[in-house]
$ cat protein_36.tsv   # TSV, C-alpha atoms and all ligand atoms
chain	number	residue	atom	x	y	z
A	169	MET	CA	12.12	-10.49	10.43
A	170	SER	CA	13.08	-6.84	10.52
A	171	ASP	CA	13.74	-4.49	13.41
A	172	PRO	CA	10.52	-3.79	15.36
A	173	SER	CA	11.44	-0.09	15.42
A	174	ASP	CA	10.30	0.01	11.78
A	175	HIS	CA	6.80	-0.10	13.20
A	176	PRO	CA	4.99	2.51	15.24
A	177	SER	CA	5.13	1.47	18.91
A	178	ALA	CA	6.71	-1.79	17.79
A	179	VAL	CA	3.28	-2.77	16.42
A	180	ARG	CA	3.55	-5.19	13.55
A	181	THR	CA	1.22	-4.88	10.59
A	182	ILE	CA	1.52	-8.57	9.73
A	183	GLU	CA	3.62	-11.44	10.96
A	184	TRP	CA	4.15	-15.09	10.02
A	185	ARG	CA	3.91	-17.28	13.12
A	186	ASP	CA	4.86	-20.79	12.04
A	187	GLY	CA	1.55	-21.93	10.57
A	188	SER	CA	-0.58	-18.90	11.20
A	189	VAL	CA	-0.62	-15.24	10.18
A	190	LEU	CA	-1.07	-12.47	12.72
A	191	MET	CA	-2.43	-9.08	11.63
A	192	ILE	CA	-3.27	-5.96	13.54
A	193	ASP	CA	-6.96	-5.24	12.97
A	194	GLN	CA	-6.84	-1.94	11.07
A	195	ARG	CA	-10.63	-1.54	11.25
A	196	LYS	CA	-10.31	-0.98	14.99
A	197	LEU	CA	-7.31	1.32	15.05
A	198	PRO	CA	-6.57	3.74	16.62
A	199	LEU	CA	-9.03	3.10	19.44
A	200	VAL	CA	-8.24	-0.57	19.95
A	201	GLU	CA	-4.96	-2.38	19.21
A	202	GLU	CA	-6.14	-5.92	18.59
A	203	TYR	CA	-4.60	-8.75	16.58
A	204	VAL	CA	-6.43	-11.20	14.34
A	205	THR	CA	-5.02	-14.70	13.79
A	206	CYS	CA	-5.52	-16.31	10.38
A	207	SER	CA	-5.04	-20.08	10.31
A	208	THR	CA	-6.23	-20.73	6.74
A	209	TRP	CA	-5.98	-18.99	3.39
A	210	GLU	CA	-9.73	-18.38	3.62
A	211	ASP	CA	-9.15	-16.42	6.87
A	212	VAL	CA	-6.53	-14.32	5.07
A	213	ALA	CA	-8.88	-13.70	2.13
A	214	GLU	CA	-11.60	-12.55	4.52
A	215	ALA	CA	-9.13	-10.28	6.33
A	216	ILE	CA	-8.15	-8.63	3.04
A	217	ARG	CA	-11.78	-8.30	1.88
A	218	THR	CA	-12.95	-6.75	5.15
A	219	MET	CA	-9.93	-4.41	5.49
A	220	VAL	CA	-8.41	-5.98	8.60
A	221	ILE	CA	-5.32	-5.50	6.46
A	222	ARG	CA	-5.19	-2.98	3.62
A	223	GLY	CA	-2.72	-0.96	1.58
A	224	ALA	CA	-1.34	-2.39	-1.66
A	225	PRO	CA	2.02	-3.79	-0.47
A	226	ALA	CA	0.53	-5.19	2.76
A	227	ILE	CA	-2.19	-6.92	0.74
A	228	GLY	CA	0.55	-8.51	-1.40
A	229	VAL	CA	2.43	-9.76	1.66
A	230	ALA	CA	-0.81	-11.10	3.18
A	231	ALA	CA	-1.68	-12.94	-0.04
A	232	ALA	CA	1.79	-14.55	-0.13
A	233	MET	CA	1.40	-15.70	3.47
A	234	GLY	CA	-2.14	-16.93	2.68
A	235	MET	CA	-0.68	-19.10	-0.10
A	236	ALA	CA	1.95	-20.43	2.31
A	237	LEU	CA	-0.90	-21.45	4.65
A	238	ALA	CA	-2.73	-23.13	1.76
A	239	ALA	CA	0.40	-25.07	0.80
A	240	ARG	CA	1.03	-26.15	4.38
A	241	ALA	CA	-2.55	-27.47	4.66
A	242	ALA	CA	-2.24	-29.40	1.37
A	243	ARG	CA	1.36	-30.65	1.67
A	244	GLU	CA	0.41	-34.29	2.43
A	245	LEU	CA	-1.83	-34.53	-0.66
A	246	PRO	CA	-0.71	-36.19	-3.88
A	247	ARG	CA	0.59	-33.76	-6.53
A	248	ASP	CA	-2.81	-33.39	-8.29
A	249	GLY	CA	-4.68	-32.59	-5.10
A	250	PHE	CA	-1.94	-30.17	-4.02
A	251	THR	CA	-2.13	-28.34	-7.34
A	252	ARG	CA	-5.94	-28.14	-7.20
A	253	ALA	CA	-5.87	-26.81	-3.62
A	254	LEU	CA	-3.41	-24.09	-4.58
A	255	GLN	CA	-5.38	-23.16	-7.69
A	256	ASP	CA	-8.45	-22.66	-5.47
A	257	ALA	CA	-6.50	-20.59	-2.96
A	258	THR	CA	-5.01	-18.42	-5.73
A	259	LYS	CA	-8.46	-17.78	-7.18
A	260	GLY	CA	-9.98	-17.06	-3.79
A	261	LEU	CA	-7.26	-14.64	-2.72
A	262	PHE	CA	-7.17	-12.92	-6.13
A	263	SER	CA	-10.90	-12.17	-5.95
A	264	THR	CA	-10.64	-10.22	-2.67
A	265	ARG	CA	-9.72	-6.75	-3.94
A	266	PRO	CA	-9.22	-5.84	-7.60
A	267	THR	CA	-7.22	-2.61	-7.72
A	268	ALA	CA	-3.89	-3.25	-5.96
A	269	VAL	CA	-1.57	-4.90	-8.48
A	270	ASN	CA	0.63	-6.17	-5.63
A	271	LEU	CA	-1.98	-8.85	-4.91
A	272	GLY	CA	-1.69	-10.46	-8.36
A	273	TRP	CA	2.06	-9.89	-8.34
A	274	ALA	CA	2.56	-11.78	-5.06
A	275	LEU	CA	0.25	-14.62	-6.16
A	276	ALA	CA	2.21	-14.96	-9.42
A	277	GLU	CA	5.49	-15.14	-7.48
A	278	MET	CA	4.07	-17.92	-5.29
A	279	GLU	CA	2.63	-19.73	-8.32
A	280	GLN	CA	6.08	-20.13	-9.81
A	281	VAL	CA	6.94	-22.31	-6.82
A	282	TRP	CA	3.81	-24.46	-6.56
A	283	ARG	CA	3.72	-25.05	-10.34
A	284	ASP	CA	7.29	-26.40	-10.24
A	285	GLN	CA	6.77	-30.10	-10.92
A	286	ALA	CA	10.30	-30.87	-9.73
A	287	LEU	CA	9.20	-30.07	-6.17
A	288	ALA	CA	7.20	-32.56	-4.12
A	289	PRO	CA	4.29	-30.91	-2.26
A	290	LYS	CA	6.12	-30.88	1.06
A	291	ALA	CA	9.22	-29.25	-0.42
A	292	ALA	CA	7.05	-26.77	-2.36
A	293	ALA	CA	5.20	-25.83	0.85
A	294	GLU	CA	8.51	-25.17	2.62
A	295	ALA	CA	9.80	-23.12	-0.32
A	296	MET	CA	6.58	-21.10	-0.33
A	297	GLU	CA	6.97	-20.23	3.35
A	298	ARG	CA	10.50	-19.02	2.67
A	299	LEU	CA	9.32	-16.98	-0.31
A	300	ALA	CA	6.47	-15.37	1.67
A	301	LEU	CA	8.98	-14.27	4.31
A	302	GLN	CA	11.30	-13.00	1.59
A	303	ILE	CA	8.47	-10.93	0.07
A	304	TYR	CA	7.88	-9.48	3.56
A	305	GLU	CA	11.56	-8.62	4.05
A	306	ASP	CA	11.90	-7.22	0.53
A	307	ASP	CA	8.92	-4.96	1.11
A	308	VAL	CA	10.49	-3.33	4.16
A	309	ALA	CA	13.74	-2.87	2.21
A	310	SER	CA	11.83	-1.37	-0.75
A	311	CYS	CA	10.11	1.13	1.52
A	312	ARG	CA	13.41	2.19	3.05
A	313	SER	CA	14.84	2.68	-0.39
A	314	ILE	CA	11.80	4.75	-1.51
A	315	GLY	CA	12.30	6.86	1.62
A	316	ALA	CA	15.96	7.47	0.82
A	317	TYR	CA	15.22	8.49	-2.78
A	318	GLY	CA	12.39	10.73	-1.62
A	319	ALA	CA	14.59	12.48	0.93
A	320	GLU	CA	16.98	13.41	-1.90
A	321	LEU	CA	14.13	15.15	-3.70
A	322	ILE	CA	12.68	17.15	-0.83
A	323	THR	CA	15.43	19.49	0.17
A	324	VAL	CA	13.67	22.61	1.50
A	325	GLU	CA	14.50	23.39	5.14
A	326	GLU	CA	10.89	23.43	6.34
A	327	PRO	CA	8.91	21.03	4.18
A	328	VAL	CA	5.15	20.80	4.60
A	329	ILE	CA	3.97	17.55	3.05
A	330	LEU	CA	0.32	16.82	2.40
A	331	THR	CA	-0.58	13.14	2.15
A	332	HIS	CA	-3.80	11.28	1.41
A	333	CYS	CA	-4.96	7.92	2.80
A	334	ASN	CA	-2.42	5.77	4.62
A	335	ALA	CA	0.66	4.68	2.72
A	336	GLY	CA	2.58	4.01	5.91
A	337	ALA	CA	3.95	1.15	7.99
A	338	LEU	CA	0.40	-0.16	8.29
A	339	ALA	CA	-0.05	-0.31	4.51
A	340	THR	CA	3.20	-2.22	3.98
A	341	ALA	CA	5.33	-4.77	5.81
A	342	GLY	CA	6.85	-1.76	7.61
A	343	TYR	CA	8.08	1.85	7.20
A	344	GLY	CA	5.70	2.79	4.37
A	345	THR	CA	5.96	4.27	0.89
A	346	ALA	CA	4.62	7.85	1.03
A	347	LEU	CA	5.11	7.83	4.81
A	348	GLY	CA	8.50	6.20	4.23
A	349	VAL	CA	9.41	9.41	2.38
A	350	VAL	CA	7.95	11.45	5.27
A	351	ARG	CA	9.98	9.43	7.79
A	352	ALA	CA	13.21	9.77	5.81
A	353	VAL	CA	12.71	13.51	5.23
A	354	PHE	CA	11.92	14.01	8.94
A	355	ALA	CA	15.18	12.31	9.90
A	356	ARG	CA	17.06	14.97	7.89
A	357	ARG	CA	14.74	17.95	8.34
A	358	PRO	CA	13.17	17.94	11.78
A	359	ARG	CA	11.16	21.10	10.99
A	360	LEU	CA	9.01	19.03	8.65
A	361	ARG	CA	5.24	19.20	9.12
A	362	VAL	CA	2.55	17.05	7.61
A	363	PHE	CA	-1.05	17.67	6.57
A	364	VAL	CA	-3.06	14.46	6.87
A	365	ASP	CA	-6.24	14.24	4.75
A	366	GLU	CA	-8.83	12.34	6.77
A	367	THR	CA	-9.68	10.28	3.63
A	368	ARG	CA	-13.39	9.65	3.55
A	369	PRO	CA	-15.12	7.26	3.51
A	370	PHE	CA	-12.92	4.76	5.37
A	371	LEU	CA	-10.86	7.39	7.21
A	372	GLN	CA	-7.44	5.80	6.70
A	373	GLY	CA	-5.89	9.26	7.14
A	374	ALA	CA	-7.70	10.20	10.34
A	375	ARG	CA	-7.40	6.77	11.91
A	376	LEU	CA	-4.12	5.33	10.63
A	377	THR	CA	-1.83	8.05	9.26
A	378	ALA	CA	-2.59	10.38	12.18
A	379	TRP	CA	-1.84	7.48	14.55
A	380	GLU	CA	1.49	6.69	12.85
A	381	MET	CA	2.56	10.35	12.89
A	382	LEU	CA	1.69	10.74	16.57
A	383	HIS	CA	3.60	7.60	17.52
A	384	GLU	CA	6.68	8.82	15.67
A	385	GLY	CA	6.50	12.37	17.01
A	386	ILE	CA	6.20	13.82	13.49
A	387	PRO	CA	4.22	17.09	13.68
A	388	ALA	CA	0.99	16.60	11.76
A	389	ASP	CA	-2.32	18.42	11.30
A	390	LEU	CA	-5.37	16.36	10.49
A	391	ILE	CA	-7.72	18.06	8.01
A	392	THR	CA	-10.90	16.98	6.25
A	393	ASP	CA	-10.46	16.19	2.56
A	394	SER	CA	-12.38	19.35	1.61
A	395	MET	CA	-9.80	21.54	3.38
A	396	ALA	CA	-6.88	20.52	1.17
A	397	GLY	CA	-7.60	23.24	-1.41
A	398	TYR	CA	-7.70	25.90	1.27
A	399	PHE	CA	-4.24	25.08	2.61
A	400	ILE	CA	-2.68	24.44	-0.80
A	401	SER	CA	-4.03	27.74	-2.22
A	402	LYS	CA	-2.61	29.65	0.73
A	403	GLY	CA	0.88	28.37	-0.08
A	404	MET	CA	0.98	26.33	3.11
A	405	VAL	CA	1.91	23.02	1.42
A	406	THR	CA	5.34	22.57	-0.20
A	407	HIS	CA	4.89	19.00	-1.51
A	408	VAL	CA	2.22	16.35	-1.92
A	409	VAL	CA	3.34	12.72	-1.46
A	410	VAL	CA	0.92	9.83	-1.94
A	411	GLY	CA	1.13	6.06	-2.48
A	412	ALA	CA	-0.30	4.01	-5.33
A	413	ASP	CA	-2.22	0.78	-5.77
A	414	ARG	CA	-1.37	0.36	-9.43
A	415	ILE	CA	0.66	2.43	-11.88
A	416	ALA	CA	0.06	1.95	-15.59
A	417	ALA	CA	2.98	1.73	-18.03
A	418	ASN	CA	2.57	5.42	-18.92
A	419	GLY	CA	2.67	6.57	-15.27
A	420	ASP	CA	-1.08	7.04	-14.65
A	421	ALA	CA	-1.49	6.07	-10.99
A	422	ALA	CA	-4.48	4.65	-9.12
A	423	ASN	CA	-4.66	5.50	-5.45
A	424	LYS	CA	-7.30	6.07	-2.78
A	425	ILE	CA	-10.36	8.00	-3.90
A	426	GLY	CA	-9.68	11.72	-3.61
A	427	THR	CA	-6.05	11.52	-4.71
A	428	TYR	CA	-6.95	12.79	-8.20
A	429	THR	CA	-8.63	15.85	-6.67
A	430	VAL	CA	-5.48	16.63	-4.69
A	431	SER	CA	-3.37	16.26	-7.85
A	432	VAL	CA	-5.50	18.86	-9.66
A	433	LEU	CA	-5.13	21.26	-6.74
A	434	ALA	CA	-1.37	20.69	-6.64
A	435	LYS	CA	-1.06	21.34	-10.38
A	436	GLU	CA	-3.17	24.51	-10.17
A	437	HIS	CA	-0.90	25.89	-7.45
A	438	ASP	CA	2.47	24.60	-8.74
A	439	VAL	CA	3.03	22.27	-5.82
A	440	PRO	CA	5.16	19.20	-6.67
A	441	PHE	CA	3.02	16.05	-6.60
A	442	TYR	CA	4.99	12.83	-5.94
A	443	VAL	CA	3.77	9.25	-6.16
A	444	ALA	CA	5.83	6.87	-3.98
A	445	ALA	CA	5.58	3.16	-4.76
A	446	PRO	CA	7.79	0.12	-5.32
A	447	LEU	CA	8.46	-0.81	-8.93
A	448	SER	CA	6.32	-3.92	-8.33
A	449	THR	CA	3.29	-1.56	-8.26
A	450	VAL	CA	3.85	-0.78	-11.95
A	451	ASP	CA	1.62	-2.86	-14.20
A	452	PHE	CA	3.52	-2.90	-17.48
A	453	ALA	CA	0.72	-4.95	-19.05
A	454	ILE	CA	-1.63	-1.97	-19.19
A	455	PRO	CA	-0.78	1.07	-21.32
A	456	ASP	CA	-2.70	3.65	-19.27
A	457	GLY	CA	-4.92	4.19	-16.26
A	458	SER	CA	-8.20	3.56	-18.08
A	459	HIS	CA	-7.44	-0.17	-17.81
A	460	ILE	CA	-7.12	-0.16	-14.02
A	461	PRO	CA	-10.06	-1.94	-12.35
A	462	ILE	CA	-11.66	0.32	-9.76
A	463	GLU	CA	-13.15	-1.40	-6.74
A	464	GLU	CA	-16.66	-0.32	-5.68
A	465	ARG	CA	-17.21	-0.93	-1.98
A	466	ASP	CA	-20.22	-1.30	0.29
A	467	GLU	CA	-22.51	1.72	0.44
A	468	ALA	CA	-22.54	1.56	4.24
A	469	GLU	CA	-19.02	3.07	4.17
A	470	VAL	CA	-20.64	6.24	2.79
A	471	THR	CA	-23.98	6.25	4.61
A	472	HIS	CA	-22.44	5.50	8.01
A	473	ILE	CA	-19.61	6.90	10.11
A	474	ALA	CA	-18.19	4.62	12.80
A	475	GLY	CA	-21.29	2.44	12.58
A	476	SER	CA	-23.81	5.31	12.89
A	477	ARG	CA	-26.05	6.23	9.97
A	478	VAL	CA	-25.61	9.81	8.77
A	479	ALA	CA	-27.50	9.64	5.43
A	480	PRO	CA	-31.22	9.03	4.96
A	481	GLU	CA	-32.44	5.47	4.41
A	482	GLY	CA	-33.10	4.81	0.72
A	483	VAL	CA	-30.66	7.36	-0.73
A	484	ARG	CA	-28.69	6.08	-3.73
A	485	VAL	CA	-24.96	5.78	-3.06
A	486	ARG	CA	-21.76	5.43	-5.09
A	487	ASN	CA	-18.53	4.28	-3.46
A	488	PRO	CA	-15.57	3.89	-5.82
A	489	ALA	CA	-12.58	3.16	-3.58
A	490	PHE	CA	-9.89	4.49	-5.93
A	491	ASP	CA	-9.33	7.07	-8.65
A	492	VAL	CA	-6.65	7.51	-11.27
A	493	THR	CA	-4.28	10.46	-11.29
A	494	PRO	CA	-3.14	11.09	-14.87
A	495	ALA	CA	0.60	11.07	-15.47
A	496	ARG	CA	0.43	14.73	-16.55
A	497	ASN	CA	-0.41	15.72	-12.94
A	498	ILE	CA	2.52	13.81	-11.45
A	499	THR	CA	5.86	15.57	-10.93
A	500	ALA	CA	7.86	12.40	-10.23
A	501	ILE	CA	7.39	8.76	-9.30
A	502	ILE	CA	9.62	7.73	-6.39
A	503	THR	CA	10.32	4.01	-6.65
A	504	ASP	CA	12.57	1.66	-4.70
A	505	ARG	CA	14.93	1.62	-7.71
A	506	GLY	CA	15.12	5.36	-8.32
A	507	VAL	CA	13.14	8.49	-9.12
A	508	VAL	CA	11.41	8.66	-12.49
A	509	LEU	CA	10.62	11.99	-14.14
A	510	PRO	CA	8.15	12.53	-17.02
A	511	PRO	CA	7.64	11.13	-19.55
A	512	PHE	CA	7.34	8.10	-17.29
A	513	GLY	CA	6.98	5.24	-19.78
A	514	ALA	CA	10.62	4.96	-20.83
A	515	GLY	CA	11.96	5.72	-17.35
A	516	LEU	CA	9.87	3.04	-15.66
A	517	ARG	CA	10.75	0.48	-18.32
A	518	GLY	CA	14.43	1.38	-17.98
A	519	LEU	CA	14.40	0.89	-14.21
A	520	ALA	CA	12.66	-2.46	-14.53
A	521	ALA	CA	15.24	-3.66	-17.07
A	522	GLU	CA	18.29	-2.61	-15.09
A	523	PRO	CA	20.11	-4.40	-12.28
A	524	LEU	CA	19.74	-2.79	-8.85
A	525	SER	CA	21.51	0.55	-8.54
A	526	LYS	CA	24.01	1.00	-5.72
A	527	GLU	CA	22.30	1.72	-2.39
A	528	GLY	CA	22.43	5.39	-1.47
A	529	ASP	CA	23.17	6.40	-5.03
A	530	PRO	CA	19.92	7.97	-6.21
A	531	CYS	CA	19.11	7.24	-9.77
A	532	VAL	CA	17.03	9.94	-11.46
A	533	ARG	CA	15.54	9.46	-14.93
B	601	LIG	O1	-8.36	0.86	0.44
B	601	LIG	P1	-6.95	0.85	0.97
B	601	LIG	O2	-6.85	1.35	2.37
B	601	LIG	O3	-6.29	-0.48	0.78
B	601	LIG	O4	-6.21	1.89	0.05
B	601	LIG	C1	-4.84	2.14	0.30
B	601	LIG	C2	-4.25	3.19	-0.56
B	601	LIG	O5	-4.90	3.78	-1.39
B	601	LIG	C3	-2.78	3.41	-0.40
B	601	LIG	O6	-2.45	4.75	-0.65
B	601	LIG	C4	-2.02	2.52	-1.40
B	601	LIG	O7	-2.44	1.20	-1.25
B	601	LIG	C5	-0.57	2.59	-1.21
B	601	LIG	S1	-0.09	1.85	0.30
B	601	LIG	C6	1.58	1.89	0.46
$ encode --input "protein_36.tsv" --output "structure tokens"
Amino acid sequence: MSDPSDHPSAVRTIEWRDGSVLMIDQRKLPLVEEYVTCSTWEDVAEAIRTMVIRGAPAIGVAAAMGMALAARAARELPRDGFTRALQDATKGLFSTRPTAVNLGWALAEMEQVWRDQALAPKAAAEAMERLALQIYEDDVASCRSIGAYGAELITVEEPVILTHCNAGALATAGYGTALGVVRAVFARRPRLRVFVDETRPFLQGARLTAWEMLHEGIPADLITDSMAGYFISKGMVTHVVVGADRIAANGDAANKIGTYTVSVLAKEHDVPFYVAAPLSTVDFAIPDGSHIPIEERDEAEVTHIAGSRVAPEGVRVRNPAFDVTPARNITAIITDRGVVLPPFGAGLRGLAAEPLSKEGDPCVR
């Protein structure tokens, strides 16, 4: 496992504990720091569905660990029973949240192991545990790499970065994607400041990003989503950096609802708009963002705030959890393998086809 200092206050987002998975309950943060223990893949699926754990890369890591739990529970079964149990777990975990591509990606990685007929169930279960831990470790390394590439891009002395949702340590195995860039820039430019969109309806910005920034001593102002245009139009934001749940082959990027609005504001006011995500967030199977499934969540997230009703009973509600920012609004995509400039299609494909570039040697396309 990685250095606990990757995490705010040494709090771990998710951890494998020899036969169970521990997660900090992100529904209760920042008021309560409580851990949930998942002993079965069904527990993990429920934790993903109910947002105990959220954020595309963290969902992928959780799904991999959920599969490791499923394999451990089925390892004494004959091969047929083992395969059936893992098919069920894959289906159950896949159905939890549709938008983040990391979920399907992690399940496909695990499937390559349990489908391997050369491995007896017990050996497959052990290999799956090792792979789940590897996916965890790789995610932290990816985030650090995204941070390093991002810090090469943001070179003004006093950057003011606006971010939406939480693409931080809590949304990943550690360090974060968009907040990985913020962390890496802050290490070089201590006069950095951050605007944190509160991110209605689930308030990932107000609850999670604000908490991470406070714990790291990074100066941050929390604003409501509707204030972003005010600060951007006054020239008070130098860069926007957000994460992504799925990036289509042409660079269209799905992220938390409200991200598209920020991208339009950034374009209108000539503010660079960066999407930070590992290359595993790119779904090369879909040509553009119109193919990205958008999750619709419970209406109570809109009608209620912190459990209290604020809208009248009986009102009709819509609650899409994500929107798609078109590639034309994105200045650059900061991946763990390098920075991609428009047009994104060829650049993303090129990065995916190439062996890893030398660490610390930013690769710009
Ligand atoms: O609904 P959530 O909280 O899972 O949405 C999270 C986001 O939109 C993040 O910005 C995205 O997953 C990137 S996380 C590194």
$ residues_near_ligand --input "protein_36.tsv" --ligand "ligand LIG 601 (chain B)" --cutoff "8 Å" --atoms "all atoms listed in the file" --output "ChimeraX atom specification"
/A:219,221-227,268,332-337,339-340,344-346,370,372,410-413,422-425,444-445,489-490
$ residues_around --input "protein_36.tsv" --residues "segment 240-243 of chain A" --least-positions-apart "2" --cutoff "6 Å" --atoms "all atoms listed in the file" --output "mmCIF file with C-alpha atoms, in the coordinates of the input"
data_model
loop_
_atom_site.group_PDB
_atom_site.id
_atom_site.type_symbol
_atom_site.label_atom_id
_atom_site.label_comp_id
_atom_site.auth_asym_id
_atom_site.auth_seq_id
_atom_site.Cartn_x
_atom_site.Cartn_y
_atom_site.Cartn_z
ATOM 1 C CA LEU A 237 -0.900 -21.450 4.650
ATOM 2 C CA ALA A 238 -2.730 -23.130 1.760
ATOM 3 C CA LEU A 245 -1.830 -34.530 -0.660
ATOM 4 C CA PHE A 250 -1.940 -30.170 -4.020
ATOM 5 C CA PRO A 289 4.290 -30.910 -2.260
ATOM 6 C CA LYS A 290 6.120 -30.880 1.060
ATOM 7 C CA ALA A 293 5.200 -25.830 0.850
#
$ residues_around --input "protein_36.tsv" --residues "segment 437-442 of chain A" --least-positions-apart "6" --cutoff "9 Å" --atoms "all atoms listed in the file" --output "list in words"
Gly318, Ala346, Ile400, Ser401, Gly403, Val405, Thr406, His407, Val408, Val409, Val410, Gly411, Val430, Ser431, Asn497, Ile498, Thr499, Ala500, Ile501 and Ile502 of chain A
$ residues_around --input "protein_36.tsv" --residues "Asp193 of chain A" --least-positions-apart "5" --cutoff "8 Å" --atoms "all atoms listed in the file" --output "PyMOL selection string"
chain A and resi 201-204+220-221
$ closest_residue --input "protein_36.tsv" --among "A:Asp186, A:Asp306, A:Asp389, A:Glu481" --to "Thr377 of chain A" --atoms "only C-alpha atoms"
A:Asp389
$ residues_near_point --input "protein_36.tsv" --point "(10.3, 6.7, 9.6)" --cutoff "10 Å" --atoms "all atoms listed in the file" --output "ChimeraX atom specification"
/A:173-176,311-312,315,336-337,342-344,347-355,380-381,384,386
$ residues_near_point --input "protein_36.tsv" --point "(3.6, 13.0, -18.8)" --cutoff "8 Å" --atoms "only C-alpha atoms" --output "ChimeraX atom specification"
/A:418-419,495-498,510-512
$ residues_around --input "protein_36.tsv" --residues "Gln255 of chain A" --least-positions-apart "5" --cutoff "12 Å" --atoms "all atoms listed in the file" --output "VMD selection string"
chain A and resid 209 235 238 to 239 242 248 to 250 260 to 262 275 to 276 278 to 279 282 to 283
$ decode --input "protein_36.tsv" --residues "segment 461-491 of chain A" --atoms "C-alpha atoms" --output "short mmCIF file (atom, residue, chain, number, x, y, z; two decimals), in the first residue's frame"
data_model
loop_
_atom_site.label_atom_id
_atom_site.label_comp_id
_atom_site.auth_asym_id
_atom_site.auth_seq_id
_atom_site.Cartn_x
_atom_site.Cartn_y
_atom_site.Cartn_z
CA PRO A 461 -24.88 6.65 -20.51
CA ILE A 462 -26.00 9.33 -18.08
CA GLU A 463 -27.10 8.15 -14.67
CA GLU A 464 -30.37 9.57 -13.31
CA ARG A 465 -30.41 9.51 -9.51
CA ASP A 466 -33.06 9.65 -6.82
CA GLU A 467 -35.18 12.80 -6.80
CA ALA A 468 -34.66 13.17 -3.05
CA GLU A 469 -31.14 14.44 -3.82
CA VAL A 470 -32.81 17.48 -5.41
CA THR A 471 -35.85 17.95 -3.18
CA HIS A 472 -33.86 17.58 0.05
CA ILE A 473 -30.70 19.08 1.51
CA ALA A 474 -29.00 17.11 4.29
CA GLY A 475 -32.19 15.12 4.82
CA SER A 476 -34.51 18.15 5.05
CA ARG A 477 -37.12 18.79 2.37
CA VAL A 478 -36.71 22.14 0.61
CA ALA A 479 -39.07 21.63 -2.38
CA PRO A 480 -42.84 21.18 -2.24
CA GLU A 481 -44.27 17.66 -2.09
CA GLY A 482 -45.48 16.54 -5.51
CA VAL A 483 -43.18 18.71 -7.65
CA ARG A 484 -41.72 16.90 -10.67
CA VAL A 485 -37.94 16.48 -10.49
CA ARG A 486 -35.10 15.66 -12.87
CA ASN A 487 -31.71 14.55 -11.54
CA PRO A 488 -29.14 13.65 -14.21
CA ALA A 489 -25.89 13.05 -12.31
CA PHE A 490 -23.52 13.88 -15.19
CA ASP A 491 -23.26 16.02 -18.30
#
